[in-house]
$ cat final.txt   # compact mmCIF, C-alpha atoms
# COMPACT_ATOMS: atom_id res chain seq x y z
CA MET R 281 25.45 6.09 4.60
CA GLN R 282 22.37 8.14 5.45
CA ASP R 283 21.60 8.45 1.71
CA ARG R 284 21.14 4.70 1.40
CA LYS R 285 17.56 3.44 1.24
CA HIS R 286 16.47 1.96 4.56
CA VAL R 287 14.64 -1.39 4.62
CA LEU R 288 12.99 -2.78 7.75
CA ILE R 289 12.73 -6.59 7.89
CA VAL R 290 10.03 -7.90 10.27
CA ASP R 291 10.36 -11.65 10.73
CA GLU R 292 10.17 -13.97 13.76
CA ASP R 293 12.77 -16.32 12.22
CA ALA R 294 16.27 -15.11 13.12
CA GLN R 295 17.88 -17.16 10.35
CA SER R 296 15.53 -15.71 7.75
CA ARG R 297 16.11 -12.16 9.02
CA SER R 298 19.87 -12.65 8.83
CA LYS R 299 19.78 -14.15 5.33
CA PHE R 300 17.71 -11.37 3.79
CA ALA R 301 19.51 -8.61 5.72
CA SER R 302 22.93 -9.85 4.60
CA HIS R 303 21.89 -9.99 0.94
CA LEU R 304 20.30 -6.53 0.94
CA GLU R 305 23.25 -4.94 2.75
CA GLN R 306 25.67 -6.49 0.25
CA HIS R 307 23.77 -4.62 -2.46
CA GLY R 308 23.92 -1.19 -0.89
CA LEU R 309 20.77 -1.03 1.23
CA ARG R 310 20.65 -0.05 4.88
CA VAL R 311 18.78 -2.69 6.93
CA THR R 312 17.08 -2.76 10.33
CA VAL R 313 15.50 -5.96 11.65
CA ALA R 314 12.62 -6.65 14.07
CA SER R 315 11.09 -9.90 15.28
CA ASN R 316 7.51 -8.71 15.89
CA GLY R 317 5.03 -5.85 15.64
CA SER R 318 6.34 -4.03 18.71
CA GLY R 319 9.84 -4.03 17.28
CA MET R 320 8.49 -2.83 13.96
CA GLN R 321 6.74 0.11 15.62
CA ARG R 322 9.87 1.09 17.55
CA ALA R 323 11.94 1.03 14.36
CA LEU R 324 9.40 3.22 12.56
CA GLU R 325 9.48 5.75 15.40
CA ARG R 326 13.28 5.91 15.56
CA ALA R 327 14.23 6.34 11.92
CA ARG R 328 12.96 6.96 8.44
CA ILE R 329 12.05 3.62 6.85
CA ASP R 330 11.77 3.49 3.05
CA LEU R 331 10.31 -0.02 2.74
CA VAL R 332 9.06 -2.80 5.04
CA LEU R 333 9.66 -6.48 4.31
CA LEU R 334 6.96 -8.14 6.41
CA ASP R 335 6.74 -11.82 7.28
CA ALA R 336 3.21 -13.25 7.43
CA PRO R 337 2.67 -13.88 10.29
CA PRO R 338 5.60 -12.38 12.24
CA GLY R 339 6.19 -13.19 15.90
CA GLY R 340 2.99 -15.18 16.28
CA GLU R 341 0.98 -12.08 15.39
CA ASP R 342 -1.42 -11.63 12.51
CA GLY R 343 0.79 -10.35 9.71
CA LEU R 344 -2.22 -9.20 7.72
CA LYS R 345 -3.39 -7.11 10.67
CA LEU R 346 0.08 -5.59 11.01
CA CYS R 347 0.04 -4.76 7.32
CA ARG R 348 -3.35 -3.08 7.64
CA ASN R 349 -2.23 -1.06 10.66
CA LEU R 350 0.98 -0.10 8.88
CA ARG R 351 -0.96 1.09 5.85
CA ALA R 352 -3.32 3.11 8.06
CA SER R 353 -0.43 4.94 9.77
CA THR R 354 2.28 5.42 7.10
CA ASP R 355 2.90 5.58 3.35
CA VAL R 356 5.83 3.18 3.53
CA PRO R 357 5.82 0.53 0.76
CA VAL R 358 5.25 -3.03 2.04
CA ILE R 359 6.30 -6.39 0.62
CA MET R 360 4.78 -9.37 2.42
CA LEU R 361 6.57 -12.72 2.54
CA ALA R 362 4.53 -15.89 3.07
CA ARG R 363 5.70 -19.38 3.97
CA ARG R 364 3.59 -20.95 1.25
CA ALA R 365 2.07 -19.92 -2.08
CA ASP R 366 -1.53 -19.45 -0.93
CA GLU R 367 -3.60 -17.45 -3.42
CA VAL R 368 -6.16 -16.42 -0.80
CA ASP R 369 -3.41 -15.04 1.49
CA ARG R 370 -1.94 -13.14 -1.44
CA ILE R 371 -5.27 -11.56 -2.36
CA VAL R 372 -6.04 -10.61 1.23
CA GLY R 373 -2.53 -9.23 1.70
CA LEU R 374 -2.97 -6.96 -1.32
CA GLU R 375 -6.38 -5.90 -0.02
CA MET R 376 -4.81 -5.00 3.33
CA GLY R 377 -2.46 -2.65 1.50
CA ALA R 378 0.65 -4.68 0.65
CA ASP R 379 2.38 -3.46 -2.52
CA ASP R 380 3.72 -6.93 -3.32
CA PHE R 381 3.30 -10.47 -1.97
CA LEU R 382 5.94 -13.20 -2.37
CA VAL R 383 6.78 -16.61 -0.93
CA LYS R 384 9.83 -16.78 1.35
CA THR R 385 11.59 -19.14 -1.07
CA VAL R 386 11.83 -16.27 -3.59
CA ASN R 387 15.21 -15.92 -5.26
CA PRO R 388 17.07 -13.16 -3.35
CA ARG R 389 17.95 -11.51 -6.66
CA GLU R 390 14.26 -11.28 -7.59
CA LEU R 391 13.42 -9.92 -4.14
CA LEU R 392 16.11 -7.26 -4.52
CA ALA R 393 14.77 -6.31 -7.95
CA ARG R 394 11.22 -5.96 -6.58
CA ILE R 395 12.46 -3.88 -3.65
CA ARG R 396 14.37 -1.54 -5.96
CA ASN R 397 11.35 -1.24 -8.24
CA LEU R 398 9.10 -0.27 -5.33
CA LEU R 399 11.65 2.20 -4.01
CA ARG R 400 11.83 3.89 -7.41
CA ARG R 401 8.04 4.11 -7.60
CA SER R 402 7.67 5.45 -4.06
CA GLY R 403 9.77 8.52 -4.86
CA ALA R 404 11.85 10.62 -2.54
CA ALA R 405 9.17 11.56 0.02
CA PRO R 406 9.78 10.39 3.61
CA ALA R 407 7.78 7.17 3.45
CA SER R 408 7.57 6.46 7.14
CA MET R 409 6.19 9.86 8.17
CA PRO R 410 3.16 9.34 10.47
CA ARG R 411 -0.23 10.28 9.12
CA GLY R 412 -3.77 10.59 10.43
CA ARG R 413 -6.94 8.67 9.84
CA LEU R 414 -8.65 11.19 7.53
CA PHE R 415 -8.16 11.95 3.85
CA ARG R 416 -9.54 15.33 2.72
CA PHE R 417 -9.92 16.01 -0.99
CA GLY R 418 -12.05 18.45 -2.96
CA GLY R 419 -14.32 19.09 0.04
CA TRP R 420 -14.81 15.37 0.66
CA GLN R 421 -13.46 13.34 3.58
CA LEU R 422 -12.62 9.63 3.89
CA ASP R 423 -12.16 8.11 7.35
CA VAL R 424 -9.91 5.07 6.84
CA VAL R 425 -10.56 3.71 10.32
CA ALA R 426 -14.37 3.95 10.26
CA ARG R 427 -14.30 3.38 6.45
CA GLU R 428 -16.77 6.25 5.99
CA LEU R 429 -17.00 8.79 3.17
CA SER R 430 -18.50 12.22 3.96
CA ASP R 431 -19.58 14.80 1.38
CA PRO R 432 -18.79 18.55 1.70
CA GLN R 433 -21.93 18.99 3.84
CA GLY R 434 -20.82 16.23 6.22
CA LYS R 435 -23.39 13.68 5.03
CA LEU R 436 -22.21 10.07 4.87
CA GLN R 437 -22.18 8.44 1.45
CA PRO R 438 -22.34 4.63 1.27
CA LEU R 439 -19.41 2.75 -0.28
CA ARG R 440 -19.13 -0.89 -1.27
CA ASN R 441 -16.01 -2.68 0.05
CA SER R 442 -14.38 -2.78 -3.39
CA GLU R 443 -15.13 0.93 -3.94
CA TYR R 444 -13.59 1.80 -0.58
CA ARG R 445 -10.41 -0.16 -1.42
CA VAL R 446 -10.05 1.58 -4.78
CA LEU R 447 -10.71 5.08 -3.40
CA SER R 448 -8.45 4.66 -0.36
CA SER R 449 -5.63 3.36 -2.57
CA LEU R 450 -5.95 6.34 -4.92
CA LEU R 451 -5.93 8.76 -1.99
CA ALA R 452 -2.99 7.01 -0.30
CA HIS R 453 -0.94 7.64 -3.44
CA GLY R 454 -1.66 11.36 -3.21
CA ASN R 455 -1.40 12.79 -6.72
CA ARG R 456 0.56 9.86 -8.14
CA VAL R 457 -0.91 7.57 -10.78
CA VAL R 458 -2.12 4.13 -9.65
CA SER R 459 -2.01 1.45 -12.34
CA ARG R 460 -5.11 -0.36 -13.53
CA VAL R 461 -3.54 -3.70 -12.60
CA LYS R 462 -3.02 -2.63 -8.97
CA LEU R 463 -6.60 -1.34 -8.70
CA ILE R 464 -8.00 -4.48 -10.30
CA GLU R 465 -6.13 -6.63 -7.76
CA LEU R 466 -7.50 -4.53 -4.91
CA ALA R 467 -11.05 -4.67 -6.22
CA ARG R 468 -11.28 -8.28 -7.37
CA GLY R 469 -8.16 -10.20 -6.33
CA GLY R 470 -4.99 -11.40 -8.00
CA ASP R 471 -6.73 -13.63 -10.54
CA ALA R 472 -8.31 -10.69 -12.38
CA ALA R 473 -7.17 -10.11 -15.96
CA PRO R 474 -5.21 -6.93 -16.83
CA PHE R 475 -7.98 -5.88 -19.23
CA ASP R 476 -10.78 -6.55 -16.76
CA ARG R 477 -13.37 -3.79 -17.30
CA SER R 478 -14.85 -4.09 -13.80
CA ILE R 479 -12.44 -1.42 -12.53
CA ASP R 480 -13.99 1.04 -14.97
CA VAL R 481 -17.40 0.31 -13.46
CA ARG R 482 -16.07 1.02 -9.96
CA ILE R 483 -14.34 4.21 -11.06
CA SER R 484 -17.57 5.30 -12.77
CA ARG R 485 -19.52 4.60 -9.58
CA LEU R 486 -17.00 6.57 -7.47
CA ARG R 487 -17.22 9.50 -9.89
CA GLN R 488 -21.00 9.51 -9.55
CA ILE R 489 -20.68 9.51 -5.75
CA VAL R 490 -18.29 12.49 -5.64
CA GLY R 491 -20.14 14.37 -8.39
CA ASP R 492 -17.48 14.16 -11.09
CA ASP R 493 -18.44 14.98 -14.66
CA ALA R 494 -18.04 11.68 -16.55
CA ARG R 495 -16.73 13.49 -19.65
CA LEU R 496 -14.38 15.86 -17.82
CA PRO R 497 -13.74 14.49 -14.30
CA ARG R 498 -12.05 16.81 -11.82
CA ILE R 499 -11.44 14.55 -8.82
CA ILE R 500 -10.73 11.08 -10.27
CA LYS R 501 -8.86 11.48 -13.54
CA THR R 502 -7.94 8.89 -16.14
CA VAL R 503 -4.32 8.76 -17.28
CA HIS R 504 -4.60 6.92 -20.58
CA GLY R 505 -2.35 3.90 -20.88
CA GLU R 506 -1.39 4.07 -17.19
CA GLY R 507 -4.28 4.15 -14.73
CA TYR R 508 -6.05 6.67 -12.53
CA VAL R 509 -5.04 9.57 -10.30
CA ILE R 510 -6.65 11.98 -7.84
CA GLY R 511 -6.75 15.39 -9.56
CA VAL R 512 -7.28 17.62 -6.51
CA VAL R 513 -5.14 18.33 -3.47
CA VAL R 514 -5.11 15.41 -1.00
CA GLU R 515 -4.53 16.18 2.68
CA ARG R 516 -4.07 13.76 5.58
CA ALA R 517 -5.25 14.69 9.05
$ encode --input "final.txt" --output "structure tokens"
Amino acid sequence: MQDRKHVLIVDEDAQSRSKFASHLEQHGLRVTVASNGSGMQRALERARIDLVLLDAPPGGEDGLKLCRNLRASTDVPVIMLARRADEVDRIVGLEMGADDFLVKTVNPRELLARIRNLLRRSGAAPASMPRGRLFRFGGWQLDVVARELSDPQGKLQPLRNSEYRVLSSLLAHGNRVVSRVKLIELARGGDAAPFDRSIDVRISRLRQIVGDDARLPRIIKTVHGEGYVIGVVVERA
């Protein structure tokens, strides 16, 4: 039983929690439920959680804020569920760190497929392990709370909002490849085209900031046909 993937459902609606929990358990997943942010935090502290299914907003709280706080404290994959198909909410949810964003009327079979896909991509590492506010990589440091980037000498380097979102997402994935589509959504929103070249401009700008050689980058590497990856050791403190 302990080998089963563990999904945490955070939803103020008891009927909705029960419906999704029952379906996921029938298909071999272990499920814990919570009605609000406090319950979510307790569940994360008590057990390893492999994925969070987060209502927006749960328990009268700001679901987007909960998603942002969750992303700042753990690597656990997050799927947000909204009551209506609002494109702005979807874009903001992705910007806050959600890995997927669906309406609550989603077919349970599709939801299960998306959950399994995210679980495969997240790998075997303990997803809910607590982490700090600082990323350290190649002598550089990114503070995800203050949203500040410091060079090896401790000098702050300015970042645009879209550049911060791209860099923090790359670092949050450690040394795993992040797809172009995901980075485009973070930088521009869900209406961006898969072949949008703006992400290349942002990657180029980030490489200039961290002193990467454009022809042979060391820190932000291109994985042709897939996306981008951090090429140096990433530490969280």
$ residues_around --input "final.txt" --residues "R:Asn441" --least-positions-apart "2" --cutoff "12 Å" --atoms "all atoms listed in the file" --output "MDAnalysis selection string"
chainID R and resid 375:376 424 427:429 438:439 443:448 466:468 482 486
$ residues_around --input "final.txt" --residues "R:Lys285" --least-positions-apart "2" --cutoff "7 Å" --atoms "only C-alpha atoms" --output "list in words"
Asp283, Val287, Leu309, Arg310 and Asp330 of chain R
$ closest_residue --input "final.txt" --among "R:Val461, R:Leu324, R:Val383, R:Val513" --to "R:Thr354" --atoms "all atoms listed in the file"
R:Leu324
$ residues_around --input "final.txt" --residues "stretch 454-458 of chain R" --least-positions-apart "2" --cutoff "12 Å" --atoms "all atoms listed in the file" --output "number ranges by chain"
R: 355, 379, 401-403, 405, 415-417, 446-452, 460-466, 499-516
$ atom_distance --input "final.txt" --atom1 "atom CA of R:Arg363" --atom2 "atom CA of R:His453"
28.8 Å
$ atom_distance --input "final.txt" --atom1 "atom CA of R:Pro357" --atom2 "atom CA of R:Arg396"
11.1 Å
$ closest_residue --input "final.txt" --among "R:His307, R:Asn316, R:Pro388, R:Asp366" --to "R:Ala294" --atoms "all atoms listed in the file"
R:Asn316
$ closest_residue --input "final.txt" --among "R:Ser442, R:Gln306, R:Ser318, R:Thr385" --to "R:Ala362" --atoms "only C-alpha atoms"
R:Thr385
$ residues_around --input "final.txt" --residues "R:Trp420" --least-positions-apart "4" --cutoff "6 Å" --atoms "all atoms listed in the file" --output "PyMOL selection string"
chain R and resi 416+430-432
$ atom_distance --input "final.txt" --atom1 "atom CA of R:Ser315" --atom2 "atom CA of R:Asp293"
7.3 Å
$ residues_around --input "final.txt" --residues "R:Leu334" --least-positions-apart "6" --cutoff "9 Å" --atoms "all atoms listed in the file" --output "list of chain:residue names"
R:Leu288, R:Ile289, R:Val290, R:Asp291, R:Gly343, R:Leu346, R:Cys347, R:Val358, R:Ile359, R:Met360, R:Leu361, R:Ala362
$ closest_residue --input "final.txt" --among "R:Arg394, R:Leu436, R:Arg485, R:Arg498" --to "R:Leu304" --atoms "only C-alpha atoms"
R:Arg394
$ closest_residue --input "final.txt" --among "R:Val311, R:Val386, R:Leu344, R:Val490" --to "R:Arg284" --atoms "only C-alpha atoms"
R:Val311
$ closest_residue --input "final.txt" --among "R:Arg413, R:Arg351, R:His286, R:Arg495" --to "R:Gly377" --atoms "all atoms listed in the file"
R:Arg351
